[in-house]
file input.cif (mmCIF, N, CA and C atoms)
data_data
#
loop_
_atom_site.label_atom_id
_atom_site.label_comp_id
_atom_site.auth_asym_id
_atom_site.auth_seq_id
_atom_site.Cartn_x
_atom_site.Cartn_y
_atom_site.Cartn_z
N MET A 1 -15.61 237.84 141.92
CA MET A 1 -16.51 236.80 141.47
C MET A 1 -15.71 235.53 141.19
N ASN A 2 -16.34 234.40 141.48
CA ASN A 2 -15.76 233.10 141.18
C ASN A 2 -16.54 232.44 140.06
N TYR A 3 -15.92 231.45 139.44
CA TYR A 3 -16.53 230.75 138.31
C TYR A 3 -16.49 229.26 138.56
N TRP A 4 -17.54 228.58 138.10
CA TRP A 4 -17.72 227.16 138.39
C TRP A 4 -18.29 226.45 137.17
N LEU A 5 -18.23 225.13 137.22
CA LEU A 5 -18.93 224.29 136.26
C LEU A 5 -19.74 223.30 137.07
N ILE A 6 -21.04 223.24 136.79
CA ILE A 6 -21.91 222.28 137.48
C ILE A 6 -22.44 221.30 136.43
N LYS A 7 -22.52 220.03 136.82
CA LYS A 7 -22.88 218.99 135.87
C LYS A 7 -24.21 218.37 136.25
N SER A 8 -25.01 218.08 135.23
CA SER A 8 -26.26 217.38 135.41
C SER A 8 -26.52 216.48 134.20
N GLU A 9 -27.02 215.30 134.46
CA GLU A 9 -27.42 214.44 133.37
C GLU A 9 -28.75 214.99 132.85
N PRO A 10 -28.84 215.25 131.55
CA PRO A 10 -30.04 215.91 131.03
C PRO A 10 -31.33 215.12 131.24
N PHE A 11 -31.25 213.80 131.32
CA PHE A 11 -32.48 213.04 131.55
C PHE A 11 -32.94 213.16 133.01
N LYS A 12 -32.04 213.57 133.90
CA LYS A 12 -32.42 213.80 135.29
C LYS A 12 -32.83 215.25 135.54
N TYR A 13 -32.05 216.19 135.02
CA TYR A 13 -32.37 217.61 135.19
C TYR A 13 -31.70 218.40 134.08
N SER A 14 -32.45 218.64 133.02
CA SER A 14 -31.91 219.31 131.84
C SER A 14 -31.92 220.82 132.00
N TRP A 15 -31.19 221.49 131.12
CA TRP A 15 -31.21 222.96 131.08
C TRP A 15 -32.64 223.46 130.86
N ASP A 16 -33.36 222.81 129.95
CA ASP A 16 -34.73 223.25 129.65
C ASP A 16 -35.63 223.17 130.89
N GLN A 17 -35.48 222.11 131.67
CA GLN A 17 -36.26 222.00 132.90
C GLN A 17 -35.85 223.07 133.91
N PHE A 18 -34.56 223.32 133.99
CA PHE A 18 -34.03 224.36 134.86
C PHE A 18 -34.65 225.72 134.52
N VAL A 19 -34.71 226.02 133.23
CA VAL A 19 -35.31 227.28 132.78
C VAL A 19 -36.79 227.34 133.16
N LYS A 20 -37.50 226.24 132.98
CA LYS A 20 -38.93 226.19 133.36
C LYS A 20 -39.11 226.43 134.85
N ASP A 21 -38.22 225.84 135.65
CA ASP A 21 -38.32 225.95 137.11
C ASP A 21 -37.91 227.34 137.62
N LYS A 22 -37.14 228.07 136.84
CA LYS A 22 -36.64 229.41 137.15
C LYS A 22 -35.55 229.46 138.22
N SER A 23 -35.46 228.45 139.07
CA SER A 23 -34.37 228.31 140.04
C SER A 23 -34.46 226.93 140.66
N THR A 24 -33.38 226.53 141.30
CA THR A 24 -33.38 225.23 141.99
C THR A 24 -32.27 225.23 143.02
N PHE A 25 -32.32 224.27 143.94
CA PHE A 25 -31.15 224.04 144.79
C PHE A 25 -30.36 222.92 144.15
N TRP A 26 -29.03 223.04 144.19
CA TRP A 26 -28.14 222.08 143.56
C TRP A 26 -27.81 221.01 144.57
N ASP A 27 -28.51 219.88 144.48
CA ASP A 27 -28.40 218.82 145.49
C ASP A 27 -27.77 217.56 144.92
N GLY A 28 -27.65 216.56 145.79
CA GLY A 28 -27.15 215.26 145.37
C GLY A 28 -25.64 215.14 145.36
N VAL A 29 -24.93 216.17 145.75
CA VAL A 29 -23.47 216.13 145.75
C VAL A 29 -23.00 215.29 146.94
N ARG A 30 -22.27 214.24 146.64
CA ARG A 30 -21.78 213.34 147.69
C ARG A 30 -20.29 213.06 147.55
N ASN A 31 -19.58 214.05 147.09
CA ASN A 31 -18.14 214.00 146.98
C ASN A 31 -17.60 215.18 147.78
N TYR A 32 -16.61 214.94 148.62
CA TYR A 32 -16.13 216.00 149.51
C TYR A 32 -15.53 217.19 148.78
N GLN A 33 -14.80 216.95 147.69
CA GLN A 33 -14.22 218.07 146.96
C GLN A 33 -15.33 218.90 146.31
N ALA A 34 -16.32 218.24 145.71
CA ALA A 34 -17.44 218.97 145.11
C ALA A 34 -18.23 219.70 146.19
N ARG A 35 -18.40 219.08 147.35
CA ARG A 35 -19.09 219.72 148.47
C ARG A 35 -18.34 220.97 148.91
N ASN A 36 -17.03 220.88 148.99
CA ASN A 36 -16.23 222.05 149.38
C ASN A 36 -16.37 223.17 148.35
N ASN A 37 -16.47 222.80 147.07
CA ASN A 37 -16.70 223.81 146.04
C ASN A 37 -18.04 224.49 146.25
N LEU A 38 -19.08 223.72 146.59
CA LEU A 38 -20.39 224.33 146.88
C LEU A 38 -20.27 225.30 148.05
N ARG A 39 -19.53 224.91 149.06
CA ARG A 39 -19.36 225.78 150.24
C ARG A 39 -18.65 227.09 149.89
N ASN A 40 -17.83 227.06 148.85
CA ASN A 40 -17.07 228.25 148.45
C ASN A 40 -17.83 229.16 147.50
N MET A 41 -18.98 228.74 147.03
CA MET A 41 -19.76 229.56 146.10
C MET A 41 -20.37 230.75 146.83
N LYS A 42 -20.38 231.89 146.14
CA LYS A 42 -20.93 233.13 146.68
C LYS A 42 -22.05 233.63 145.77
N VAL A 43 -22.98 234.37 146.35
CA VAL A 43 -24.06 234.97 145.57
C VAL A 43 -23.45 235.80 144.44
N GLY A 44 -23.96 235.60 143.24
CA GLY A 44 -23.45 236.31 142.07
C GLY A 44 -22.46 235.52 141.24
N ASP A 45 -21.84 234.48 141.82
CA ASP A 45 -20.91 233.65 141.05
C ASP A 45 -21.63 233.04 139.86
N LEU A 46 -20.89 232.84 138.77
CA LEU A 46 -21.45 232.24 137.57
C LEU A 46 -20.97 230.80 137.40
N CYS A 47 -21.87 229.95 136.92
CA CYS A 47 -21.60 228.53 136.76
C CYS A 47 -21.94 228.09 135.34
N LEU A 48 -21.00 227.48 134.66
CA LEU A 48 -21.32 226.86 133.39
C LEU A 48 -22.15 225.62 133.67
N TYR A 49 -23.22 225.45 132.93
CA TYR A 49 -24.16 224.33 133.11
C TYR A 49 -23.81 223.28 132.06
N TYR A 50 -23.34 222.12 132.53
CA TYR A 50 -22.81 221.08 131.66
C TYR A 50 -23.72 219.87 131.67
N HIS A 51 -24.15 219.43 130.49
CA HIS A 51 -24.92 218.19 130.37
C HIS A 51 -23.93 217.02 130.30
N SER A 52 -23.94 216.17 131.32
CA SER A 52 -23.03 215.03 131.35
C SER A 52 -23.72 213.78 130.80
N ASN A 53 -22.93 212.80 130.48
CA ASN A 53 -23.35 211.50 129.94
C ASN A 53 -24.02 211.63 128.58
N GLU A 54 -25.13 212.34 128.47
CA GLU A 54 -25.77 212.59 127.17
C GLU A 54 -25.41 214.00 126.74
N GLY A 55 -24.93 214.13 125.54
CA GLY A 55 -24.59 215.46 125.05
C GLY A 55 -23.15 215.84 125.36
N LYS A 56 -22.78 215.72 126.61
CA LYS A 56 -21.43 216.08 127.05
C LYS A 56 -21.03 217.45 126.51
N GLU A 57 -21.78 218.47 126.96
CA GLU A 57 -21.55 219.81 126.44
C GLU A 57 -22.03 220.86 127.44
N VAL A 58 -21.38 222.01 127.39
CA VAL A 58 -21.83 223.17 128.16
C VAL A 58 -22.98 223.79 127.37
N VAL A 59 -24.11 224.00 128.04
CA VAL A 59 -25.31 224.48 127.34
C VAL A 59 -25.77 225.86 127.82
N GLY A 60 -25.34 226.27 129.01
CA GLY A 60 -25.81 227.55 129.53
C GLY A 60 -24.98 228.03 130.70
N ILE A 61 -25.42 229.15 131.25
CA ILE A 61 -24.77 229.76 132.42
C ILE A 61 -25.82 229.92 133.50
N ALA A 62 -25.49 229.47 134.69
CA ALA A 62 -26.35 229.65 135.87
C ALA A 62 -25.67 230.65 136.79
N GLN A 63 -26.46 231.21 137.71
CA GLN A 63 -25.92 232.16 138.68
C GLN A 63 -26.32 231.72 140.08
N VAL A 64 -25.38 231.81 141.00
CA VAL A 64 -25.65 231.47 142.40
C VAL A 64 -26.51 232.58 143.00
N ILE A 65 -27.65 232.19 143.61
CA ILE A 65 -28.53 233.18 144.22
C ILE A 65 -28.67 232.98 145.74
N LYS A 66 -28.16 231.86 146.25
CA LYS A 66 -28.13 231.64 147.71
C LYS A 66 -26.94 230.76 148.02
N GLU A 67 -26.17 231.17 149.03
CA GLU A 67 -24.97 230.42 149.40
C GLU A 67 -25.33 229.14 150.14
N SER A 68 -24.33 228.32 150.39
CA SER A 68 -24.53 226.95 150.88
C SER A 68 -25.34 226.87 152.17
N TYR A 69 -26.17 225.83 152.23
CA TYR A 69 -26.96 225.50 153.40
C TYR A 69 -27.21 223.99 153.40
N GLN A 70 -27.70 223.47 154.50
CA GLN A 70 -27.92 222.03 154.65
C GLN A 70 -28.75 221.47 153.49
N ASP A 71 -28.27 220.39 152.91
CA ASP A 71 -28.99 219.72 151.82
C ASP A 71 -30.30 219.16 152.37
N PRO A 72 -31.45 219.63 151.86
CA PRO A 72 -32.73 219.17 152.39
C PRO A 72 -33.08 217.73 152.03
N THR A 73 -32.27 217.10 151.16
CA THR A 73 -32.57 215.72 150.78
C THR A 73 -31.91 214.70 151.70
N THR A 74 -31.17 215.19 152.71
CA THR A 74 -30.52 214.29 153.65
C THR A 74 -30.45 214.93 155.03
N THR A 75 -30.40 214.09 156.05
CA THR A 75 -30.23 214.61 157.42
C THR A 75 -28.76 214.69 157.81
N ASP A 76 -27.89 214.21 156.94
CA ASP A 76 -26.45 214.25 157.21
C ASP A 76 -25.95 215.68 157.07
N PRO A 77 -25.44 216.28 158.15
CA PRO A 77 -25.02 217.68 158.10
C PRO A 77 -23.77 217.93 157.25
N ASN A 78 -23.13 216.88 156.77
CA ASN A 78 -21.94 217.05 155.95
C ASN A 78 -22.24 217.56 154.54
N TRP A 79 -23.49 217.46 154.12
CA TRP A 79 -23.82 217.77 152.72
C TRP A 79 -24.62 219.06 152.61
N VAL A 80 -24.26 219.86 151.60
CA VAL A 80 -24.87 221.17 151.42
C VAL A 80 -25.38 221.33 149.99
N VAL A 81 -26.17 222.38 149.79
CA VAL A 81 -26.65 222.78 148.47
C VAL A 81 -26.45 224.28 148.34
N VAL A 82 -26.55 224.77 147.13
CA VAL A 82 -26.66 226.21 146.86
C VAL A 82 -27.87 226.38 145.95
N ASP A 83 -28.44 227.57 145.94
CA ASP A 83 -29.53 227.87 145.01
C ASP A 83 -28.94 228.56 143.80
N VAL A 84 -29.41 228.15 142.63
CA VAL A 84 -28.96 228.73 141.37
C VAL A 84 -30.17 229.05 140.49
N LYS A 85 -29.97 230.00 139.59
CA LYS A 85 -31.01 230.34 138.62
C LYS A 85 -30.38 230.41 137.23
N PRO A 86 -31.18 230.20 136.18
CA PRO A 86 -30.64 230.35 134.83
C PRO A 86 -30.21 231.80 134.61
N TYR A 87 -29.08 231.97 133.99
CA TYR A 87 -28.55 233.29 133.69
C TYR A 87 -28.61 233.54 132.18
N LYS A 88 -28.15 232.54 131.41
CA LYS A 88 -28.14 232.71 129.96
C LYS A 88 -27.94 231.36 129.28
N LYS A 89 -28.73 231.13 128.24
CA LYS A 89 -28.48 229.97 127.38
C LYS A 89 -27.37 230.36 126.40
N LEU A 90 -26.44 229.45 126.15
CA LEU A 90 -25.34 229.75 125.23
C LEU A 90 -25.84 229.80 123.79
N ILE A 91 -25.26 230.68 123.01
CA ILE A 91 -25.58 230.79 121.58
C ILE A 91 -25.28 229.46 120.90
N GLN A 92 -24.16 228.89 121.27
CA GLN A 92 -23.71 227.62 120.70
C GLN A 92 -23.17 226.78 121.85
N THR A 93 -23.58 225.50 121.93
CA THR A 93 -23.05 224.65 122.98
C THR A 93 -21.57 224.38 122.74
N VAL A 94 -20.88 224.00 123.81
CA VAL A 94 -19.44 223.69 123.71
C VAL A 94 -19.25 222.25 124.17
N SER A 95 -18.87 221.41 123.23
CA SER A 95 -18.74 219.98 123.52
C SER A 95 -17.48 219.67 124.32
N LEU A 96 -17.52 218.54 124.99
CA LEU A 96 -16.35 218.05 125.71
C LEU A 96 -15.18 217.88 124.74
N GLU A 97 -15.46 217.38 123.55
CA GLU A 97 -14.42 217.18 122.55
C GLU A 97 -13.75 218.51 122.17
N THR A 98 -14.56 219.55 122.00
CA THR A 98 -14.02 220.88 121.68
C THR A 98 -13.11 221.37 122.80
N MET A 99 -13.53 221.17 124.05
CA MET A 99 -12.70 221.60 125.18
C MET A 99 -11.41 220.80 125.25
N LYS A 100 -11.49 219.51 124.99
CA LYS A 100 -10.29 218.66 125.00
C LYS A 100 -9.29 219.10 123.93
N ASN A 101 -9.80 219.56 122.81
CA ASN A 101 -8.94 219.92 121.69
C ASN A 101 -8.37 221.33 121.77
N ASP A 102 -8.79 222.10 122.75
CA ASP A 102 -8.29 223.47 122.90
C ASP A 102 -7.17 223.46 123.94
N THR A 103 -5.95 223.68 123.50
CA THR A 103 -4.79 223.60 124.40
C THR A 103 -4.86 224.61 125.54
N ARG A 104 -5.60 225.69 125.35
CA ARG A 104 -5.74 226.68 126.42
C ARG A 104 -6.50 226.11 127.62
N LEU A 105 -7.22 225.01 127.42
CA LEU A 105 -8.02 224.40 128.49
C LEU A 105 -7.39 223.13 129.04
N SER A 106 -6.12 222.93 128.81
CA SER A 106 -5.46 221.68 129.24
C SER A 106 -5.52 221.46 130.75
N GLY A 107 -5.61 222.53 131.53
CA GLY A 107 -5.68 222.39 132.98
C GLY A 107 -7.10 222.36 133.53
N LEU A 108 -8.09 222.32 132.66
CA LEU A 108 -9.49 222.35 133.06
C LEU A 108 -9.84 221.17 133.96
N GLY A 109 -10.45 221.44 135.10
CA GLY A 109 -10.83 220.40 136.04
C GLY A 109 -11.72 219.32 135.43
N LEU A 110 -12.57 219.71 134.50
CA LEU A 110 -13.45 218.74 133.84
C LEU A 110 -12.65 217.68 133.10
N LEU A 111 -11.49 218.05 132.61
CA LEU A 111 -10.64 217.10 131.89
C LEU A 111 -9.76 216.30 132.84
N ARG A 112 -9.38 216.90 133.97
CA ARG A 112 -8.52 216.22 134.93
C ARG A 112 -9.31 215.31 135.87
N GLN A 113 -10.51 215.73 136.26
CA GLN A 113 -11.35 214.97 137.18
C GLN A 113 -12.77 214.89 136.60
N PRO A 114 -12.95 214.08 135.57
CA PRO A 114 -14.22 214.08 134.85
C PRO A 114 -15.43 213.63 135.66
N ARG A 115 -15.23 212.96 136.77
CA ARG A 115 -16.37 212.50 137.57
C ARG A 115 -16.83 213.53 138.61
N LEU A 116 -16.05 214.57 138.81
CA LEU A 116 -16.40 215.60 139.79
C LEU A 116 -17.59 216.41 139.28
N SER A 117 -18.61 216.60 140.13
CA SER A 117 -19.86 217.22 139.67
C SER A 117 -19.92 218.73 139.85
N VAL A 118 -19.04 219.30 140.65
CA VAL A 118 -18.96 220.74 140.84
C VAL A 118 -17.47 221.10 140.78
N ILE A 119 -17.11 221.89 139.76
CA ILE A 119 -15.70 222.13 139.46
C ILE A 119 -15.42 223.62 139.46
N ASP A 120 -14.33 224.01 140.10
CA ASP A 120 -13.95 225.43 140.06
C ASP A 120 -13.24 225.72 138.74
N LEU A 121 -13.46 226.93 138.24
CA LEU A 121 -12.85 227.39 137.00
C LEU A 121 -12.09 228.68 137.26
N THR A 122 -11.07 228.91 136.47
CA THR A 122 -10.44 230.23 136.50
C THR A 122 -11.28 231.15 135.62
N GLU A 123 -11.08 232.44 135.78
CA GLU A 123 -11.78 233.40 134.92
C GLU A 123 -11.39 233.18 133.46
N ASP A 124 -10.11 232.89 133.22
CA ASP A 124 -9.66 232.63 131.85
C ASP A 124 -10.36 231.41 131.25
N GLN A 125 -10.46 230.32 132.01
CA GLN A 125 -11.13 229.12 131.51
C GLN A 125 -12.59 229.42 131.18
N PHE A 126 -13.25 230.14 132.08
CA PHE A 126 -14.64 230.52 131.86
C PHE A 126 -14.77 231.32 130.56
N ASN A 127 -13.92 232.30 130.39
CA ASN A 127 -13.98 233.16 129.20
C ASN A 127 -13.62 232.43 127.91
N ILE A 128 -12.70 231.49 127.98
CA ILE A 128 -12.35 230.69 126.80
C ILE A 128 -13.54 229.86 126.36
N ILE A 129 -14.23 229.26 127.31
CA ILE A 129 -15.41 228.44 126.97
C ILE A 129 -16.50 229.34 126.38
N LEU A 130 -16.66 230.52 126.92
CA LEU A 130 -17.64 231.46 126.33
C LEU A 130 -17.24 231.84 124.91
N GLU A 131 -15.94 232.04 124.70
CA GLU A 131 -15.45 232.35 123.35
C GLU A 131 -15.77 231.22 122.40
N LEU A 132 -15.58 229.97 122.85
CA LEU A 132 -15.89 228.80 122.01
C LEU A 132 -17.39 228.70 121.71
N ALA A 133 -18.20 229.30 122.56
CA ALA A 133 -19.65 229.30 122.36
C ALA A 133 -20.11 230.52 121.53
N ASN A 134 -19.15 231.26 121.02
CA ASN A 134 -19.43 232.49 120.25
C ASN A 134 -20.13 233.54 121.09
N GLU A 135 -19.78 233.59 122.36
CA GLU A 135 -20.37 234.58 123.29
C GLU A 135 -19.53 235.83 123.39
N LYS A 136 -18.34 235.85 122.82
CA LYS A 136 -17.48 237.03 122.93
C LYS A 136 -16.98 237.45 121.57
#
call {"tool": "encode", "arguments": {"input": "input.cif", "output": "structure tokens"}}
result
Amino acid sequence: MNYWLIKSEPFKYSWDQFVKDKSTFWDGVRNYQARNNLRNMKVGDLCLYYHSNEGKEVVGIAQVIKESYQDPTTTDPNWVVVDVKPYKKLIQTVSLETMKNDTRLSGLGLLRQPRLSVIDLTEDQFNIILELANEK
């Protein structure tokens, strides 16, 4: 299994809306590195759901339910989406500030490339963030 962090501005697509919708395709990615991360996602992979700009915090866990395919919002074949569903809302959100202050997360992609919308995580990084959310 692989682990990821996906970012959404809550006023555009919040965790609560995601839960109401029960699943969605993750679209709008127009960065090649983020696109490559989408291409590498496999069914069953887990994704931390991060509210960017407002809140700046991990709020839940999503699960990949369909691997990459042509982004239906564009005719450009370079761009792909994956389907994800809500997996679990976190007991406690984990703020960007909390992640920055935890030395175990110093190599976290979110801190190194804050504008990247789809970020790969190590299993350790994923588990540390869950620990910070009181999930373990």
call {"tool": "atom_distance", "arguments": {"input": "input.cif", "atom1": "atom CA of Ser68 of chain A", "atom2": "atom CA of Asp27 of chain A"}}
result
10.5 Å
call {"tool": "closest_atom_pairs", "arguments": {"input": "input.cif", "of": "segment 10-89 of chain A", "to": "segment 114-130 of chain A", "cutoff": "9 Å", "atoms": "only C-alpha atoms", "output": "tab-separated table"}}
result
residue	atom	partner	partner_atom	distance
A:Val29	CA	A:Ser117	CA	7.2
A:Asn31	CA	A:Leu116	CA	7.6
A:Gln33	CA	A:Leu116	CA	7.9
A:Ala34	CA	A:Val118	CA	4.9
A:Arg35	CA	A:Val118	CA	7.7
A:Asn37	CA	A:Val118	CA	6.4
A:Leu38	CA	A:Val118	CA	7.2
A:Cys47	CA	A:Phe126	CA	8.7
A:Leu48	CA	A:Phe126	CA	7.8
A:Val58	CA	A:Ile129	CA	8.4
call {"tool": "select_by_dssp", "arguments": {"input": "input.cif", "residues": "chain A", "states": "strand (DSSP E or B)", "output": "tab-separated table (two decimals) with N, CA and C atoms, in the frame of the given file"}}
result
chain	number	residue	atom	x	y	z
A	3	TYR	N	-15.92	231.45	139.44
A	3	TYR	CA	-16.53	230.75	138.31
A	3	TYR	C	-16.49	229.26	138.56
A	4	TRP	N	-17.54	228.58	138.10
A	4	TRP	CA	-17.72	227.16	138.39
A	4	TRP	C	-18.29	226.45	137.17
A	5	LEU	N	-18.23	225.13	137.22
A	5	LEU	CA	-18.93	224.29	136.26
A	5	LEU	C	-19.74	223.30	137.07
A	6	ILE	N	-21.04	223.24	136.79
A	6	ILE	CA	-21.91	222.28	137.48
A	6	ILE	C	-22.44	221.30	136.43
A	7	LYS	N	-22.52	220.03	136.82
A	7	LYS	CA	-22.88	218.99	135.87
A	7	LYS	C	-24.21	218.37	136.25
A	8	SER	N	-25.01	218.08	135.23
A	8	SER	CA	-26.26	217.38	135.41
A	8	SER	C	-26.52	216.48	134.20
A	24	THR	N	-33.38	226.53	141.30
A	24	THR	CA	-33.38	225.23	141.99
A	24	THR	C	-32.27	225.23	143.02
A	25	PHE	N	-32.32	224.27	143.94
A	25	PHE	CA	-31.15	224.04	144.79
A	25	PHE	C	-30.36	222.92	144.15
A	46	LEU	N	-20.89	232.84	138.77
A	46	LEU	CA	-21.45	232.24	137.57
A	46	LEU	C	-20.97	230.80	137.40
A	47	CYS	N	-21.87	229.95	136.92
A	47	CYS	CA	-21.60	228.53	136.76
A	47	CYS	C	-21.94	228.09	135.34
A	48	LEU	N	-21.00	227.48	134.66
A	48	LEU	CA	-21.32	226.86	133.39
A	48	LEU	C	-22.15	225.62	133.67
A	49	TYR	N	-23.22	225.45	132.93
A	49	TYR	CA	-24.16	224.33	133.11
A	49	TYR	C	-23.81	223.28	132.06
A	50	TYR	N	-23.34	222.12	132.53
A	50	TYR	CA	-22.81	221.08	131.66
A	50	TYR	C	-23.72	219.87	131.67
A	51	HIS	N	-24.15	219.43	130.49
A	51	HIS	CA	-24.92	218.19	130.37
A	51	HIS	C	-23.93	217.02	130.30
A	57	GLU	N	-21.78	218.47	126.96
A	57	GLU	CA	-21.55	219.81	126.44
A	57	GLU	C	-22.03	220.86	127.44
A	58	VAL	N	-21.38	222.01	127.39
A	58	VAL	CA	-21.83	223.17	128.16
A	58	VAL	C	-22.98	223.79	127.37
A	59	VAL	N	-24.11	224.00	128.04
A	59	VAL	CA	-25.31	224.48	127.34
A	59	VAL	C	-25.77	225.86	127.82
A	60	GLY	N	-25.34	226.27	129.01
A	60	GLY	CA	-25.81	227.55	129.53
A	60	GLY	C	-24.98	228.03	130.70
A	61	ILE	N	-25.42	229.15	131.25
A	61	ILE	CA	-24.77	229.76	132.42
A	61	ILE	C	-25.82	229.92	133.50
A	62	ALA	N	-25.49	229.47	134.69
A	62	ALA	CA	-26.35	229.65	135.87
A	62	ALA	C	-25.67	230.65	136.79
A	63	GLN	N	-26.46	231.21	137.71
A	63	GLN	CA	-25.92	232.16	138.68
A	63	GLN	C	-26.32	231.72	140.08
A	64	VAL	N	-25.38	231.81	141.00
A	64	VAL	CA	-25.65	231.47	142.40
A	64	VAL	C	-26.51	232.58	143.00
A	65	ILE	N	-27.65	232.19	143.61
A	65	ILE	CA	-28.53	233.18	144.22
A	65	ILE	C	-28.67	232.98	145.74
A	66	LYS	N	-28.16	231.86	146.25
A	66	LYS	CA	-28.13	231.64	147.71
A	66	LYS	C	-26.94	230.76	148.02
A	67	GLU	N	-26.17	231.17	149.03
A	67	GLU	CA	-24.97	230.42	149.40
A	67	GLU	C	-25.33	229.14	150.14
A	68	SER	N	-24.33	228.32	150.39
A	68	SER	CA	-24.53	226.95	150.88
A	68	SER	C	-25.34	226.87	152.17
A	69	TYR	N	-26.17	225.83	152.23
A	69	TYR	CA	-26.96	225.50	153.40
A	69	TYR	C	-27.21	223.99	153.40
A	70	GLN	N	-27.70	223.47	154.50
A	70	GLN	CA	-27.92	222.03	154.65
A	70	GLN	C	-28.75	221.47	153.49
A	80	VAL	N	-24.26	219.86	151.60
A	80	VAL	CA	-24.87	221.17	151.42
A	80	VAL	C	-25.38	221.33	149.99
A	81	VAL	N	-26.17	222.38	149.79
A	81	VAL	CA	-26.65	222.78	148.47
A	81	VAL	C	-26.45	224.28	148.34
A	82	VAL	N	-26.55	224.77	147.13
A	82	VAL	CA	-26.66	226.21	146.86
A	82	VAL	C	-27.87	226.38	145.95
A	83	ASP	N	-28.44	227.57	145.94
A	83	ASP	CA	-29.53	227.87	145.01
A	83	ASP	C	-28.94	228.56	143.80
A	84	VAL	N	-29.41	228.15	142.63
A	84	VAL	CA	-28.96	228.73	141.37
A	84	VAL	C	-30.17	229.05	140.49
A	85	LYS	N	-29.97	230.00	139.59
A	85	LYS	CA	-31.01	230.34	138.62
A	85	LYS	C	-30.38	230.41	137.23
A	86	PRO	N	-31.18	230.20	136.18
A	86	PRO	CA	-30.64	230.35	134.83
A	86	PRO	C	-30.21	231.80	134.61
A	87	TYR	N	-29.08	231.97	133.99
A	87	TYR	CA	-28.55	233.29	133.69
A	87	TYR	C	-28.61	233.54	132.18
A	88	LYS	N	-28.15	232.54	131.41
A	88	LYS	CA	-28.14	232.71	129.96
A	88	LYS	C	-27.94	231.36	129.28
A	89	LYS	N	-28.73	231.13	128.24
A	89	LYS	CA	-28.48	229.97	127.38
A	89	LYS	C	-27.37	230.36	126.40
A	90	LEU	N	-26.44	229.45	126.15
A	90	LEU	CA	-25.34	229.75	125.23
A	90	LEU	C	-25.84	229.80	123.79
A	91	ILE	N	-25.26	230.68	123.01
A	91	ILE	CA	-25.58	230.79	121.58
A	91	ILE	C	-25.28	229.46	120.90
A	92	GLN	N	-24.16	228.89	121.27
A	92	GLN	CA	-23.71	227.62	120.70
A	92	GLN	C	-23.17	226.78	121.85
A	93	THR	N	-23.58	225.50	121.93
A	93	THR	CA	-23.05	224.65	122.98
A	93	THR	C	-21.57	224.38	122.74
A	94	VAL	N	-20.88	224.00	123.81
A	94	VAL	CA	-19.44	223.69	123.71
A	94	VAL	C	-19.25	222.25	124.17
A	95	SER	N	-18.87	221.41	123.23
A	95	SER	CA	-18.74	219.98	123.52
A	95	SER	C	-17.48	219.67	124.32
A	118	VAL	N	-19.04	219.30	140.65
A	118	VAL	CA	-18.96	220.74	140.84
A	118	VAL	C	-17.47	221.10	140.78
A	119	ILE	N	-17.11	221.89	139.76
A	119	ILE	CA	-15.70	222.13	139.46
A	119	ILE	C	-15.42	223.62	139.46
A	120	ASP	N	-14.33	224.01	140.10
A	120	ASP	CA	-13.95	225.43	140.06
A	120	ASP	C	-13.24	225.72	138.74
A	121	LEU	N	-13.46	226.93	138.24
A	121	LEU	CA	-12.85	227.39	137.00
A	121	LEU	C	-12.09	228.68	137.26
call {"tool": "select_by_dssp", "arguments": {"input": "input.cif", "residues": "segment 66-133 of chain A", "states": "helix (DSSP H, G or I)", "output": "list in words"}}
result
Leu96, Glu97, Thr98, Met99, Lys100, Asn101, Thr103, Arg104, Leu105, Gly109, Leu110, Leu111, Arg112, Glu123, Asp124, Gln125, Phe126, Asn127, Ile128, Ile129, Leu130, Glu131 and Leu132 of chain A
call {"tool": "residues_around", "arguments": {"input": "input.cif", "residues": "Ile91 of chain A", "least_positions_apart": "4", "cutoff": "7 Å", "atoms": "all atoms listed in the file", "output": "MDAnalysis selection string"}}
result
chainID A and resid 59 133:135
call {"tool": "axis_aligned_box", "arguments": {"input": "input.cif", "around": "segment 56-60 of chain A", "padding_each_side": "5 Å", "output": "JSON"}}
result
{"center_x": -23.4, "center_y": 221.9, "center_z": 128.6, "size_x": 14.8, "size_y": 22.3, "size_z": 14.3}
call {"tool": "atom_distance", "arguments": {"input": "input.cif", "atom1": "atom N of Glu54 of chain A", "atom2": "atom C of Trp4 of chain A"}}
result
17.9 Å
call {"tool": "closest_residue", "arguments": {"input": "input.cif", "among": "A:Ile61, A:Val84, A:Val94, A:Val19", "to": "Val43 of chain A", "atoms": "only C-alpha atoms"}}
result
A:Val84
call {"tool": "resolve_selection", "arguments": {"input": "input.cif", "expression": "the PyMOL selection byres (((chain A and resi 46 and name CA) around 6) and name CA)", "output": "list of chain:residue names"}}
result
A:Tyr3, A:Asp45, A:Cys47, A:Ala62, A:Gln63
call {"tool": "write_last_selection", "arguments": {"input": "input.cif", "atoms": "N, CA and C atoms", "output": "mmCIF file, in the frame of the given file"}}
result
data_model
loop_
_atom_site.group_PDB
_atom_site.id
_atom_site.type_symbol
_atom_site.label_atom_id
_atom_site.label_comp_id
_atom_site.auth_asym_id
_atom_site.auth_seq_id
_atom_site.Cartn_x
_atom_site.Cartn_y
_atom_site.Cartn_z
ATOM 1 N N TYR A 3 -15.920 231.450 139.440
ATOM 2 C CA TYR A 3 -16.530 230.750 138.310
ATOM 3 C C TYR A 3 -16.490 229.260 138.560
ATOM 4 N N ASP A 45 -21.840 234.480 141.820
ATOM 5 C CA ASP A 45 -20.910 233.650 141.050
ATOM 6 C C ASP A 45 -21.630 233.040 139.860
ATOM 7 N N CYS A 47 -21.870 229.950 136.920
ATOM 8 C CA CYS A 47 -21.600 228.530 136.760
ATOM 9 C C CYS A 47 -21.940 228.090 135.340
ATOM 10 N N ALA A 62 -25.490 229.470 134.690
ATOM 11 C CA ALA A 62 -26.350 229.650 135.870
ATOM 12 C C ALA A 62 -25.670 230.650 136.790
ATOM 13 N N GLN A 63 -26.460 231.210 137.710
ATOM 14 C CA GLN A 63 -25.920 232.160 138.680
ATOM 15 C C GLN A 63 -26.320 231.720 140.080
#
call {"tool": "decode", "arguments": {"input": "input.cif", "residues": "segment 92-96 of chain A", "atoms": "C-alpha atoms", "output": "tab-separated table (two decimals), in the first residue's frame"}}
result
chain	number	residue	atom	x	y	z
A	92	GLN	CA	-8.48	15.52	15.96
A	93	THR	CA	-7.28	17.61	13.01
A	94	VAL	CA	-3.54	18.07	12.53
A	95	SER	CA	-2.49	21.61	11.71
A	96	LEU	CA	0.31	22.63	9.39
